[in-house]
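Dumped data-v5.csv below, it's CSV, C-alpha atoms and all ligand atoms:
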```csv
chain,number,residue,atom,x,y,z
A,209,MET,CA,-17.4,52.5,-96.1
A,210,GLN,CA,-14.0,52.7,-97.6
A,211,VAL,CA,-11.1,51.3,-95.5
A,212,ILE,CA,-7.7,52.4,-96.7
A,213,GLN,CA,-4.7,50.4,-95.8
A,214,SER,CA,-1.2,49.6,-97.2
A,215,PRO,CA,0.9,46.5,-96.7
A,216,LEU,CA,4.0,48.7,-96.4
A,217,GLN,CA,2.8,49.7,-92.9
A,218,ALA,CA,3.6,46.2,-91.6
A,219,GLY,CA,7.3,46.7,-92.5
A,220,HIS,CA,7.7,48.9,-89.4
A,221,GLU,CA,8.3,46.6,-86.4
A,222,VAL,CA,10.5,47.9,-83.6
A,223,PRO,CA,12.3,45.4,-81.4
A,224,PHE,CA,11.6,47.1,-78.1
A,225,GLU,CA,10.8,50.3,-76.3
A,226,VAL,CA,12.5,51.7,-73.2
A,227,ALA,CA,10.4,52.1,-70.1
A,228,ARG,CA,11.4,52.4,-66.5
A,229,GLY,CA,15.0,52.0,-67.4
A,230,ARG,CA,14.6,48.7,-69.3
A,231,PRO,CA,13.9,47.5,-72.8
A,232,ILE,CA,10.3,46.1,-72.9
A,233,PRO,CA,8.3,44.5,-75.7
A,234,PRO,CA,6.8,47.3,-77.8
A,235,TYR,CA,3.1,48.2,-77.6
A,236,GLU,CA,2.9,49.6,-81.1
A,237,VAL,CA,3.1,46.5,-83.2
A,238,SER,CA,1.8,45.4,-86.6
A,239,ALA,CA,-0.5,42.8,-84.9
A,240,ARG,CA,-2.7,45.8,-84.2
A,241,VAL,CA,-3.4,46.2,-87.9
A,242,ALA,CA,-4.1,42.5,-88.2
A,243,SER,CA,-6.6,42.7,-85.4
A,244,ILE,CA,-8.4,45.6,-87.1
A,245,LEU,CA,-8.4,43.9,-90.5
A,246,ALA,CA,-9.7,40.6,-89.1
A,247,ALA,CA,-12.6,42.5,-87.4
A,248,LEU,CA,-13.6,44.3,-90.6
A,249,ALA,CA,-13.1,41.2,-92.9
A,250,ASP,CA,-16.0,39.4,-94.6
A,251,ASP,CA,-18.4,42.3,-94.1
A,252,GLU,CA,-19.7,44.0,-97.2
A,253,ARG,CA,-20.1,47.3,-95.3
A,254,PHE,CA,-16.3,47.7,-95.3
A,255,SER,CA,-14.4,47.8,-98.6
A,256,LEU,CA,-10.7,47.6,-98.4
A,257,ARG,CA,-8.5,49.6,-100.8
A,258,ALA,CA,-4.9,50.7,-101.2
A,259,PRO,CA,-3.9,54.3,-100.9
A,260,ASP,CA,-3.1,56.6,-103.9
A,261,GLY,CA,0.3,58.4,-104.2
A,262,PHE,CA,0.5,62.1,-103.2
A,263,GLY,CA,4.3,62.8,-103.1
A,264,PRO,CA,6.1,64.8,-100.4
A,265,GLU,CA,4.3,68.2,-100.9
A,266,PRO,CA,1.4,67.7,-98.5
A,267,ILE,CA,4.0,66.5,-95.9
A,268,VAL,CA,6.3,69.5,-96.1
A,269,ALA,CA,3.2,71.7,-95.9
A,270,VAL,CA,3.1,70.9,-92.2
A,271,HIS,CA,6.5,69.4,-91.3
A,272,GLU,CA,10.0,71.0,-91.5
A,273,PRO,CA,11.4,69.5,-94.7
A,274,ARG,CA,14.7,68.6,-92.9
A,275,LEU,CA,12.6,66.2,-90.6
A,276,LEU,CA,11.3,64.4,-93.7
A,277,ARG,CA,14.8,64.2,-95.1
A,278,TYR,CA,16.2,62.9,-91.8
A,279,LEU,CA,13.6,60.1,-91.6
A,280,GLU,CA,14.3,59.1,-95.1
A,281,ARG,CA,18.0,58.8,-94.6
A,282,ALA,CA,18.4,57.8,-91.0
A,283,TRP,CA,18.6,54.0,-91.5
A,284,LYS,CA,21.1,54.3,-94.3
A,285,GLU,CA,23.2,56.7,-92.4
A,286,TRP,CA,23.5,54.4,-89.4
A,287,ARG,CA,24.3,51.5,-91.7
A,288,GLN,CA,27.2,53.5,-93.1
A,289,VAL,CA,28.7,54.0,-89.6
A,290,GLY,CA,29.6,50.3,-89.9
A,291,THR,CA,28.5,48.9,-86.5
A,292,THR,CA,25.4,46.8,-86.4
A,293,VAL,CA,22.4,48.6,-85.2
A,294,GLU,CA,19.2,46.9,-84.1
A,295,ALA,CA,17.1,50.0,-84.0
A,296,ILE,CA,17.9,53.8,-83.8
A,297,VAL,CA,17.1,55.3,-80.5
A,298,PRO,CA,18.5,58.6,-79.2
A,299,ASP,CA,20.8,58.7,-76.2
A,300,THR,CA,21.2,62.5,-76.2
A,301,ILE,CA,18.0,64.5,-76.6
A,302,LEU,CA,17.9,68.2,-77.4
A,303,LEU,CA,16.1,69.5,-74.3
A,304,PRO,CA,15.5,73.3,-74.8
A,305,GLY,CA,17.3,74.0,-71.5
A,306,LEU,CA,20.6,72.9,-72.9
A,307,ARG,CA,20.6,75.8,-75.2
A,308,ASP,CA,18.9,78.3,-72.9
A,309,GLY,CA,20.2,81.8,-73.6
A,310,MET,CA,22.5,80.6,-76.4
A,311,GLY,CA,20.2,80.5,-79.5
A,312,THR,CA,19.7,77.4,-81.6
A,313,ALA,CA,22.1,74.6,-82.2
A,314,PRO,CA,23.0,73.4,-85.7
A,315,GLU,CA,21.9,69.9,-86.7
A,316,PRO,CA,24.8,67.6,-85.7
A,317,GLU,CA,26.8,65.6,-88.2
A,318,SER,CA,27.0,62.2,-86.3
A,319,PRO,CA,24.1,59.8,-86.5
A,320,SER,CA,23.9,59.7,-82.6
A,321,GLY,CA,23.6,63.4,-82.5
A,322,ARG,CA,21.2,63.7,-85.3
A,323,VAL,CA,18.6,61.3,-83.9
A,324,GLY,CA,18.5,63.3,-80.6
A,325,TYR,CA,18.0,66.5,-82.6
A,326,TRP,CA,14.8,65.2,-84.1
A,327,CYS,CA,13.4,62.5,-81.6
A,328,PHE,CA,12.0,63.5,-78.2
A,329,ASP,CA,11.7,60.1,-76.5
A,330,THR,CA,13.1,56.5,-76.3
A,331,MET,CA,10.0,54.6,-77.5
A,332,THR,CA,9.9,55.7,-81.1
A,333,ALA,CA,12.8,53.6,-82.7
A,334,ILE,CA,13.6,53.7,-86.3
A,335,VAL,CA,14.2,50.4,-88.2
A,336,GLU,CA,14.6,49.7,-91.9
A,337,GLY,CA,10.9,49.6,-92.6
A,338,THR,CA,10.0,52.7,-90.6
A,339,TYR,CA,10.2,55.3,-93.3
A,340,PRO,CA,8.3,53.4,-96.0
A,341,ALA,CA,5.6,52.6,-93.4
A,342,ALA,CA,5.4,56.2,-92.2
A,343,ARG,CA,5.1,57.5,-95.8
A,344,ALA,CA,2.4,54.8,-96.5
A,345,ALA,CA,0.4,55.9,-93.4
A,346,VAL,CA,0.4,59.5,-94.8
A,347,GLU,CA,-0.9,58.2,-98.2
A,348,VAL,CA,-3.6,56.3,-96.3
A,349,ALA,CA,-4.7,59.4,-94.5
A,350,LEU,CA,-4.6,61.6,-97.6
A,351,THR,CA,-6.6,59.0,-99.6
A,352,ALA,CA,-9.3,59.0,-96.9
A,353,ALA,CA,-9.3,62.9,-97.0
A,354,ARG,CA,-9.6,62.9,-100.8
A,355,LEU,CA,-12.5,60.4,-100.7
A,356,VAL,CA,-14.3,62.7,-98.3
A,357,ALA,CA,-13.4,65.9,-100.3
A,358,ASP,CA,-14.9,64.1,-103.3
A,359,GLY,CA,-18.2,63.5,-101.5
A,360,GLU,CA,-18.0,60.4,-99.3
A,361,PRO,CA,-19.6,61.2,-95.9
A,362,LEU,CA,-17.2,59.0,-94.1
A,363,ALA,CA,-13.8,57.2,-94.8
A,364,TYR,CA,-11.5,55.3,-92.5
A,365,GLY,CA,-7.7,55.4,-92.9
A,366,LEU,CA,-6.1,52.6,-91.1
A,367,CYS,CA,-2.9,54.5,-90.4
A,368,ARG,CA,0.1,52.8,-88.9
A,369,PRO,CA,2.4,54.1,-87.5
A,370,PRO,CA,0.2,56.7,-85.8
A,371,GLY,CA,0.8,60.4,-86.2
A,372,HIS,CA,-0.6,62.8,-83.6
A,373,HIS,CA,2.5,63.2,-81.4
A,374,ALA,CA,4.8,64.2,-84.4
A,375,GLY,CA,5.2,67.9,-84.5
A,376,ARG,CA,6.4,70.4,-87.1
A,377,ALA,CA,10.1,69.5,-86.5
A,378,MET,CA,10.2,66.5,-84.2
A,379,PHE,CA,9.0,62.9,-83.8
A,380,GLY,CA,8.1,60.7,-80.9
A,381,GLY,CA,5.2,58.9,-79.1
A,382,TYR,CA,5.3,56.0,-81.7
A,383,CYS,CA,4.6,58.7,-84.4
A,384,TYR,CA,7.0,59.9,-87.2
A,385,LEU,CA,4.8,62.0,-89.5
A,386,ASN,CA,1.5,63.5,-88.4
A,387,ASN,CA,-1.1,61.8,-90.6
A,388,ALA,CA,-4.0,63.7,-89.2
A,389,ALA,CA,-2.4,67.1,-89.5
A,390,ILE,CA,-1.2,66.4,-93.0
A,391,ALA,CA,-4.8,65.4,-94.0
A,392,ALA,CA,-6.3,68.4,-92.3
A,393,GLU,CA,-4.0,70.8,-94.0
A,394,TRP,CA,-4.6,69.1,-97.3
A,395,LEU,CA,-8.4,69.5,-96.8
A,396,VAL,CA,-8.0,73.2,-95.9
A,397,ARG,CA,-6.1,73.8,-99.2
A,398,ARG,CA,-8.5,71.6,-101.2
A,399,THR,CA,-11.8,73.0,-99.8
A,400,GLY,CA,-10.6,76.6,-99.1
A,401,GLY,CA,-12.6,76.4,-95.9
A,402,PRO,CA,-12.1,75.5,-92.2
A,403,VAL,CA,-11.4,72.0,-90.9
A,404,ALA,CA,-11.8,70.6,-87.4
A,405,VAL,CA,-9.6,67.9,-85.8
A,406,LEU,CA,-11.3,65.9,-83.1
A,407,ASP,CA,-8.7,63.9,-81.2
A,408,LEU,CA,-10.1,61.0,-79.3
A,409,ASP,CA,-6.8,59.1,-78.6
A,410,VAL,CA,-6.2,58.8,-74.8
A,411,HIS,CA,-3.0,60.8,-75.2
A,412,HIS,CA,-3.0,64.4,-76.1
A,413,GLY,CA,-2.1,65.1,-79.7
A,414,ASN,CA,0.7,67.5,-78.9
A,415,GLY,CA,2.0,67.4,-82.5
A,416,THR,CA,-1.3,68.3,-84.1
A,417,GLN,CA,-1.9,71.0,-81.5
A,418,GLN,CA,1.5,72.5,-82.2
A,419,ILE,CA,1.1,72.5,-86.0
A,420,PHE,CA,-2.2,74.4,-85.8
A,421,TYR,CA,-1.7,76.4,-82.6
A,422,GLU,CA,-1.7,79.8,-84.4
A,423,ARG,CA,-4.3,78.9,-87.0
A,424,GLU,CA,-7.9,80.1,-86.9
A,425,ASP,CA,-8.9,77.8,-89.8
A,426,VAL,CA,-8.1,74.5,-88.1
A,427,LEU,CA,-9.9,73.9,-84.9
A,428,TYR,CA,-8.2,71.4,-82.6
A,429,VAL,CA,-10.3,69.7,-80.0
A,430,SER,CA,-8.9,66.9,-77.8
A,431,LEU,CA,-10.2,64.6,-75.1
A,432,HIS,CA,-7.4,62.9,-73.2
A,433,ALA,CA,-6.0,61.7,-70.0
A,434,ASP,CA,-4.6,64.5,-67.9
A,435,PRO,CA,-1.0,65.2,-69.1
A,436,ALA,CA,-0.1,65.9,-65.4
A,437,THR,CA,0.1,62.1,-65.1
A,438,THR,CA,0.1,60.8,-68.6
A,439,PHE,CA,2.2,61.0,-71.7
A,440,PRO,CA,3.0,63.5,-73.4
A,441,TYR,CA,3.2,65.3,-70.1
A,442,PHE,CA,4.3,68.7,-71.6
A,443,ALA,CA,1.1,69.6,-73.5
A,444,GLY,CA,-2.6,69.1,-73.4
A,445,TYR,CA,-3.5,71.3,-70.4
A,446,ALA,CA,-6.9,73.1,-70.4
A,447,SER,CA,-5.1,76.4,-70.3
A,448,GLU,CA,-3.7,75.9,-73.8
A,449,THR,CA,-6.2,77.5,-76.1
A,450,GLY,CA,-4.2,78.7,-79.1
A,451,SER,CA,-2.3,81.8,-79.8
A,452,GLY,CA,-2.2,84.8,-82.2
A,453,ARG,CA,-4.9,84.4,-84.8
A,454,GLY,CA,-5.4,80.9,-83.5
A,455,ARG,CA,-6.5,82.1,-80.1
A,456,GLY,CA,-9.6,80.1,-79.0
A,457,ALA,CA,-9.1,77.5,-81.8
A,458,THR,CA,-7.6,74.9,-79.5
A,459,LEU,CA,-9.8,73.2,-76.9
A,460,ASN,CA,-8.2,70.6,-74.4
A,461,LEU,CA,-10.5,68.5,-72.2
A,462,PRO,CA,-8.2,66.6,-69.9
A,463,LEU,CA,-9.8,63.8,-67.9
A,464,PRO,CA,-8.6,62.3,-64.6
A,465,PRO,CA,-7.0,58.8,-64.6
A,466,GLY,CA,-9.8,56.2,-64.1
A,467,ALA,CA,-12.5,58.3,-65.8
A,468,GLY,CA,-15.2,56.1,-67.4
A,469,ASP,CA,-18.1,56.3,-69.9
A,470,GLU,CA,-20.1,58.9,-68.0
A,471,ASP,CA,-17.3,61.4,-67.4
A,472,TYR,CA,-16.1,60.9,-71.0
A,473,GLY,CA,-19.6,61.5,-72.4
A,474,LEU,CA,-19.9,64.8,-70.6
A,475,ALA,CA,-16.5,66.0,-72.0
A,476,LEU,CA,-17.5,64.7,-75.4
A,477,GLU,CA,-20.6,66.9,-75.3
A,478,GLN,CA,-18.4,69.9,-74.7
A,479,ALA,CA,-16.1,68.9,-77.5
A,480,LEU,CA,-18.9,68.4,-80.0
A,481,ASP,CA,-20.6,71.7,-78.9
A,482,ARG,CA,-17.4,73.5,-79.8
A,483,ILE,CA,-17.2,71.9,-83.2
A,484,ASP,CA,-20.9,72.4,-83.8
A,485,GLY,CA,-20.5,76.1,-83.1
A,486,SER,CA,-17.7,76.5,-85.7
A,487,THR,CA,-18.0,77.2,-89.4
A,488,PRO,CA,-19.0,73.9,-91.1
A,489,GLY,CA,-16.3,71.9,-92.8
A,490,PRO,CA,-14.9,68.3,-92.7
A,491,VAL,CA,-13.8,66.8,-89.4
A,492,VAL,CA,-10.6,64.7,-89.1
A,493,VAL,CA,-11.0,62.3,-86.2
A,494,SER,CA,-7.8,61.1,-84.6
A,495,LEU,CA,-9.2,57.8,-83.4
A,496,GLY,CA,-7.4,56.1,-80.6
A,497,LEU,CA,-8.9,53.1,-78.9
A,498,ASP,CA,-6.5,53.4,-76.0
A,499,THR,CA,-9.3,54.9,-74.0
A,500,TYR,CA,-10.5,51.3,-73.5
A,501,GLU,CA,-10.5,50.0,-70.0
A,502,GLU,CA,-8.3,47.1,-70.8
A,503,ASP,CA,-5.7,49.1,-72.7
A,504,PRO,CA,-2.3,48.4,-71.2
A,505,ILE,CA,-1.0,52.0,-71.3
A,506,GLY,CA,-4.2,54.2,-71.3
A,507,PRO,CA,-5.5,55.2,-67.8
A,508,LEU,CA,-9.1,55.8,-68.8
A,509,ARG,CA,-11.8,53.1,-68.4
A,510,LEU,CA,-14.2,53.2,-71.3
A,511,THR,CA,-16.2,50.1,-71.8
A,512,ALA,CA,-16.5,48.3,-75.2
A,513,GLY,CA,-20.2,49.3,-75.3
A,514,ALA,CA,-19.3,53.0,-75.2
A,515,PHE,CA,-17.6,53.2,-78.6
A,516,ARG,CA,-20.6,52.9,-80.8
A,517,PRO,CA,-22.7,55.6,-79.1
A,518,ILE,CA,-19.7,57.9,-78.9
A,519,ALA,CA,-19.3,57.5,-82.7
A,520,ALA,CA,-23.0,58.0,-83.2
A,521,ARG,CA,-22.7,61.3,-81.4
A,522,VAL,CA,-19.8,62.4,-83.5
A,523,ALA,CA,-21.7,61.5,-86.6
A,524,ALA,CA,-24.7,63.6,-85.4
A,525,LEU,CA,-22.5,66.6,-86.1
A,526,ASP,CA,-23.6,65.9,-89.6
A,527,ARG,CA,-20.2,66.8,-91.1
A,528,PRO,CA,-18.0,64.8,-93.4
A,529,LEU,CA,-15.7,62.5,-91.3
A,530,VAL,CA,-12.1,61.5,-92.1
A,531,VAL,CA,-11.5,58.9,-89.4
A,532,LEU,CA,-7.8,58.1,-88.9
A,533,GLN,CA,-6.3,55.4,-86.7
A,534,GLU,CA,-4.0,56.6,-83.9
A,535,GLY,CA,-3.4,54.4,-80.8
A,536,GLY,CA,-5.1,51.4,-79.1
A,537,TYR,CA,-2.9,48.7,-77.7
A,538,HIS,CA,-5.1,45.9,-76.3
A,539,VAL,CA,-4.6,43.9,-79.5
A,540,PRO,CA,-7.2,41.2,-78.9
A,541,THR,CA,-10.1,43.7,-78.7
A,542,LEU,CA,-8.7,46.5,-80.8
A,543,GLY,CA,-10.4,45.3,-84.0
A,544,ARG,CA,-13.7,44.8,-82.3
A,545,ASN,CA,-13.7,48.3,-80.8
A,546,VAL,CA,-12.7,49.9,-84.1
A,547,ARG,CA,-15.5,48.1,-85.8
A,548,SER,CA,-18.0,49.2,-83.2
A,549,TRP,CA,-16.8,52.8,-83.6
A,550,LEU,CA,-17.1,52.7,-87.4
A,551,LEU,CA,-20.5,51.2,-87.4
A,552,GLY,CA,-21.7,53.8,-84.9
A,553,ALA,CA,-20.3,56.5,-87.1
A,554,ALA,CA,-22.0,55.1,-90.2
A,555,GLY,CA,-25.3,55.1,-88.4
A,556,VAL,CA,-25.8,51.3,-88.5
A,557,PRO,CA,-28.4,50.4,-85.9
A,558,ASP,CA,-27.2,48.4,-82.9
A,559,GLU,CA,-26.8,44.7,-83.4
A,560,PRO,CA,-25.5,41.8,-81.3
A,561,GLU,CA,-21.7,42.0,-81.5
A,562,ARG,CA,-20.1,39.1,-83.2
A,563,GLY,CA,-17.2,37.4,-81.4
A,564,ILE,CA,-13.9,39.1,-81.0
A,565,ALA,CA,-12.4,38.6,-84.4
A,566,GLY,CA,-8.7,38.1,-84.4
A,567,ALA,CA,-8.7,37.4,-80.7
A,568,ASP,CA,-6.0,35.0,-79.5
B,601,LIG,C1,-0.1,57.2,-80.6
B,601,LIG,C2,0.0,56.8,-79.2
B,601,LIG,O1,-1.0,56.4,-78.6
B,601,LIG,N1,1.2,57.1,-78.6
B,601,LIG,C3,1.3,56.8,-77.3
B,601,LIG,C4,2.7,56.8,-76.8
B,601,LIG,C5,2.7,56.7,-75.3
B,601,LIG,N2,3.9,56.0,-74.9
B,601,LIG,C6,3.9,55.9,-73.4
B,601,LIG,C7,4.2,54.6,-73.0
B,601,LIG,C8,4.4,54.5,-71.5
B,601,LIG,C9,4.3,53.1,-71.1
B,601,LIG,N3,4.1,53.1,-69.7
B,601,LIG,C10,3.6,51.9,-69.2
B,601,LIG,C11,2.8,52.1,-68.0
B,601,LIG,C12,1.9,50.9,-67.9
B,601,LIG,N4,1.2,51.0,-66.7
B,602,ZN,ZN,-2.5,57.2,-77.6
```

What does the file become when written as structure tokens?
Amino acid sequence: MQVIQSPLQAGHEVPFEVARGRPIPPYEVSARVASILAALADDERFSLRAPDGFGPEPIVAVHEPRLLRYLERAWKEWRQVGTTVEAIVPDTILLPGLRDGMGTAPEPESPSGRVGYWCFDTMTAIVEGTYPAARAAVEVALTAARLVADGEPLAYGLCRPPGHHAGRAMFGGYCYLNNAAIAAEWLVRRTGGPVAVLDLDVHHGNGTQQIFYEREDVLYVSLHADPATTFPYFAGYASETGSGRGRGATLNLPLPPGAGDEDYGLALEQALDRIDGSTPGPVVVSLGLDTYEEDPIGPLRLTAGAFRPIAARVAALDRPLVVLQEGGYHVPTLGRNVRSWLLGAAGVPDEPERGIAGAD
């Protein structure tokens, strides 16, 4: 199986995120990638490769072009202000209520105003290496999509930063550009047929849902912790089923905090039934391992042994799979869990697990 990864993705390292009123060490760190690479190393079933270049067109096919331009320029723009900046974090965020009844606001001129115009939270800081890393993650996703479009049954894009919280015109949730949505749209244009997105990250992929909400040709199906109590809070409810021509092409399966393998398996069956009943086409899997019981931010409790059978059931759809990395924050076991998932998807028969590669 081809594993696509770029060293540029390690250049994004934020100094902190803000939680409960304090700066805390970030969860989304480049050590996550190191854990995954260590677990896939020295195994001829995985062949590492660099991404190809695709340019900006597939990105602006799903994102507002001004968002891409903002991300490209943000760091330079703050440097020009003169004061030292450790990381760019908004202090004033454009909540829709602020403009209620007054139409839209123009994009502000000042750097402080501009970041709050595009970013919806305090945990998705921009540093010097953020834009190159986000662009590289997109190339990783598109390279995986191209391999599958060219006939591979399965490819894994080790995307970092993740993407599924980034919407058409906003970023947040550790995500800057929506790797999965960009890959899905690229596949629609390339194949001329429908594409399904199966989002298995513990958080609802609000960005991906938004981008395809009115589309009938991209089915979005997500299993996640109930947004009533888990980020992103404002999307991912079961009542959200798509609109316009996209009515019925969004399926949300929220799970209560603490849900384990059994509850998850039942919801997964519903998710796969929905995809199975749709017109065949490739499936983009937004793979988050933050459903794992030891994950520091995910409230679900999947065991390590669950990932391989889950992946085997996804593979039983018998559709081409573009598997893209999203979350997963228990660094010592992240690589092992990704490896289990990928071997399950590849139909490799069960085997005794080797030790936790990359564990500290
Ligand atoms: C891609 C992805 O997984 N993004 C997730 C962003 C979620 N950020 C929410 C972090 C909230 C941290 N709260 C800590 C609670 C620990 N009990
Ligand atoms: Zn997540």

Quick one: of A:Lys284, A:His411, A:His271, A:Arg277, who's nearest to ligand LIG 601 (chain B), counting all atoms listed in the file? A:His411

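If you count only C-alpha atoms and draw a sphere of 12 Å around (1.5, 64.3, -67.0), the protein and nucleic acid residues inside it come out as His411, His412, His432, Ala433, Asp434, Pro435, Ala436, Thr437, Thr438, Phe439, Pro440, Tyr441, Phe442, Ala443, Gly444, Tyr445, Pro462, Leu463, Pro464, Pro465 and Pro507 of chain A.
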
Closest to Glu502 (chain A) among A:Tyr235, A:Tyr537, A:Phe262, A:Tyr278, using all atoms listed in the file? A:Tyr537

Best match for closeness to ligand LIG 601 (chain B) among A:Arg228, A:Arg287, A:Arg322, A:His538, counting all atoms listed in the file: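 Closest to ligand LIG 601 (chain B), using all atoms listed in the file: A:Arg228.
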
Environment of ligand ZN 602 (chain B) within 12 Å, counting all atoms listed in the file, reported as a PyMOL selection string: chain A and resi 235-236+369-373+380-383+407-414+430-433+435+438-440+494-500+503-508+533-538

Atoms kept (C-alpha atoms) for selection, written as a PDB file, keeping the file's coordinate frame:
```pdb
ATOM      1  CA  TYR A 235       3.100  48.200 -77.600  1.00  0.00           C
ATOM      2  CA  GLU A 236       2.900  49.600 -81.100  1.00  0.00           C
ATOM      3  CA  PRO A 369       2.400  54.100 -87.500  1.00  0.00           C
ATOM      4  CA  PRO A 370       0.200  56.700 -85.800  1.00  0.00           C
ATOM      5  CA  GLY A 371       0.800  60.400 -86.200  1.00  0.00           C
ATOM      6  CA  HIS A 372      -0.600  62.800 -83.600  1.00  0.00           C
ATOM      7  CA  HIS A 373       2.500  63.200 -81.400  1.00  0.00           C
ATOM      8  CA  GLY A 380       8.100  60.700 -80.900  1.00  0.00           C
ATOM      9  CA  GLY A 381       5.200  58.900 -79.100  1.00  0.00           C
ATOM     10  CA  TYR A 382       5.300  56.000 -81.700  1.00  0.00           C
ATOM     11  CA  CYS A 383       4.600  58.700 -84.400  1.00  0.00           C
ATOM     12  CA  ASP A 407      -8.700  63.900 -81.200  1.00  0.00           C
ATOM     13  CA  LEU A 408     -10.100  61.000 -79.300  1.00  0.00           C
ATOM     14  CA  ASP A 409      -6.800  59.100 -78.600  1.00  0.00           C
ATOM     15  CA  VAL A 410      -6.200  58.800 -74.800  1.00  0.00           C
ATOM     16  CA  HIS A 411      -3.000  60.800 -75.200  1.00  0.00           C
ATOM     17  CA  HIS A 412      -3.000  64.400 -76.100  1.00  0.00           C
ATOM     18  CA  GLY A 413      -2.100  65.100 -79.700  1.00  0.00           C
ATOM     19  CA  ASN A 414       0.700  67.500 -78.900  1.00  0.00           C
ATOM     20  CA  SER A 430      -8.900  66.900 -77.800  1.00  0.00           C
ATOM     21  CA  LEU A 431     -10.200  64.600 -75.100  1.00  0.00           C
ATOM     22  CA  HIS A 432      -7.400  62.900 -73.200  1.00  0.00           C
ATOM     23  CA  ALA A 433      -6.000  61.700 -70.000  1.00  0.00           C
ATOM     24  CA  PRO A 435      -1.000  65.200 -69.100  1.00  0.00           C
ATOM     25  CA  THR A 438       0.100  60.800 -68.600  1.00  0.00           C
ATOM     26  CA  PHE A 439       2.200  61.000 -71.700  1.00  0.00           C
ATOM     27  CA  PRO A 440       3.000  63.500 -73.400  1.00  0.00           C
ATOM     28  CA  SER A 494      -7.800  61.100 -84.600  1.00  0.00           C
ATOM     29  CA  LEU A 495      -9.200  57.800 -83.400  1.00  0.00           C
ATOM     30  CA  GLY A 496      -7.400  56.100 -80.600  1.00  0.00           C
ATOM     31  CA  LEU A 497      -8.900  53.100 -78.900  1.00  0.00           C
ATOM     32  CA  ASP A 498      -6.500  53.400 -76.000  1.00  0.00           C
ATOM     33  CA  THR A 499      -9.300  54.900 -74.000  1.00  0.00           C
ATOM     34  CA  TYR A 500     -10.500  51.300 -73.500  1.00  0.00           C
ATOM     35  CA  ASP A 503      -5.700  49.100 -72.700  1.00  0.00           C
ATOM     36  CA  PRO A 504      -2.300  48.400 -71.200  1.00  0.00           C
ATOM     37  CA  ILE A 505      -1.000  52.000 -71.300  1.00  0.00           C
ATOM     38  CA  GLY A 506      -4.200  54.200 -71.300  1.00  0.00           C
ATOM     39  CA  PRO A 507      -5.500  55.200 -67.800  1.00  0.00           C
ATOM     40  CA  LEU A 508      -9.100  55.800 -68.800  1.00  0.00           C
ATOM     41  CA  GLN A 533      -6.300  55.400 -86.700  1.00  0.00           C
ATOM     42  CA  GLU A 534      -4.000  56.600 -83.900  1.00  0.00           C
ATOM     43  CA  GLY A 535      -3.400  54.400 -80.800  1.00  0.00           C
ATOM     44  CA  GLY A 536      -5.100  51.400 -79.100  1.00  0.00           C
ATOM     45  CA  TYR A 537      -2.900  48.700 -77.700  1.00  0.00           C
ATOM     46  CA  HIS A 538      -5.100  45.900 -76.300  1.00  0.00           C
TER      47      HIS A 538
END
```

I'd like the interatomic distance between CA of Ser214 (chain A) and CA of Ala258 (chain A), to a tenth of an Å.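 Interatomic distance here is 5.6 Å.
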
Compare A:Asp260, A:Glu285, A:Glu225, A:Asp299 by their minimum atom-to-atom distance to ligand LIG 601 (chain B), counting only C-alpha atoms and all ligand atoms, and give me the closest one.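 The answer is A:Glu225, which sits nearest to ligand LIG 601 (chain B).
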
What does the distance from CA of Glu470 (chain A) to CA of Pro517 (chain A) come to in Å, to one decimal? 11.9 Å

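For the choices A:Arg253, A:Arg230, A:Arg516, A:Arg482, the atom-to-atom distance to ligand LIG 601 (chain B) is smallest for A:Arg230 when using all atoms listed in the file.
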
Neighbourhood query: residues within 12 Å of (-25.4, 66.2, -88.5), file coordinates, counting all atoms listed in the file; return as a VMD selection string. chain A and resid 361 480 483 to 484 488 to 491 520 to 529 553 to 555

Mind checking which residues fall within 7 Å of Leu248 (chain A), counting all atoms listed in the file, ignoring those fewer than 4 positions away in the same chain, and posting them as a list in words?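 Here the qualifying residues turn out to be Ile244, Phe254 and Arg547 of chain A.
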
Pull C-alpha atoms from the residues just selected and write them as a short mmCIF file (atom, residue, chain, number, x, y, z; two decimals), in the frame of the given file.
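Here's the written file out.cif:
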```cif
data_model
loop_
_atom_site.label_atom_id
_atom_site.label_comp_id
_atom_site.auth_asym_id
_atom_site.auth_seq_id
_atom_site.Cartn_x
_atom_site.Cartn_y
_atom_site.Cartn_z
CA ILE A 244 -8.40 45.60 -87.10
CA PHE A 254 -16.30 47.70 -95.30
CA ARG A 547 -15.50 48.10 -85.80
#
```
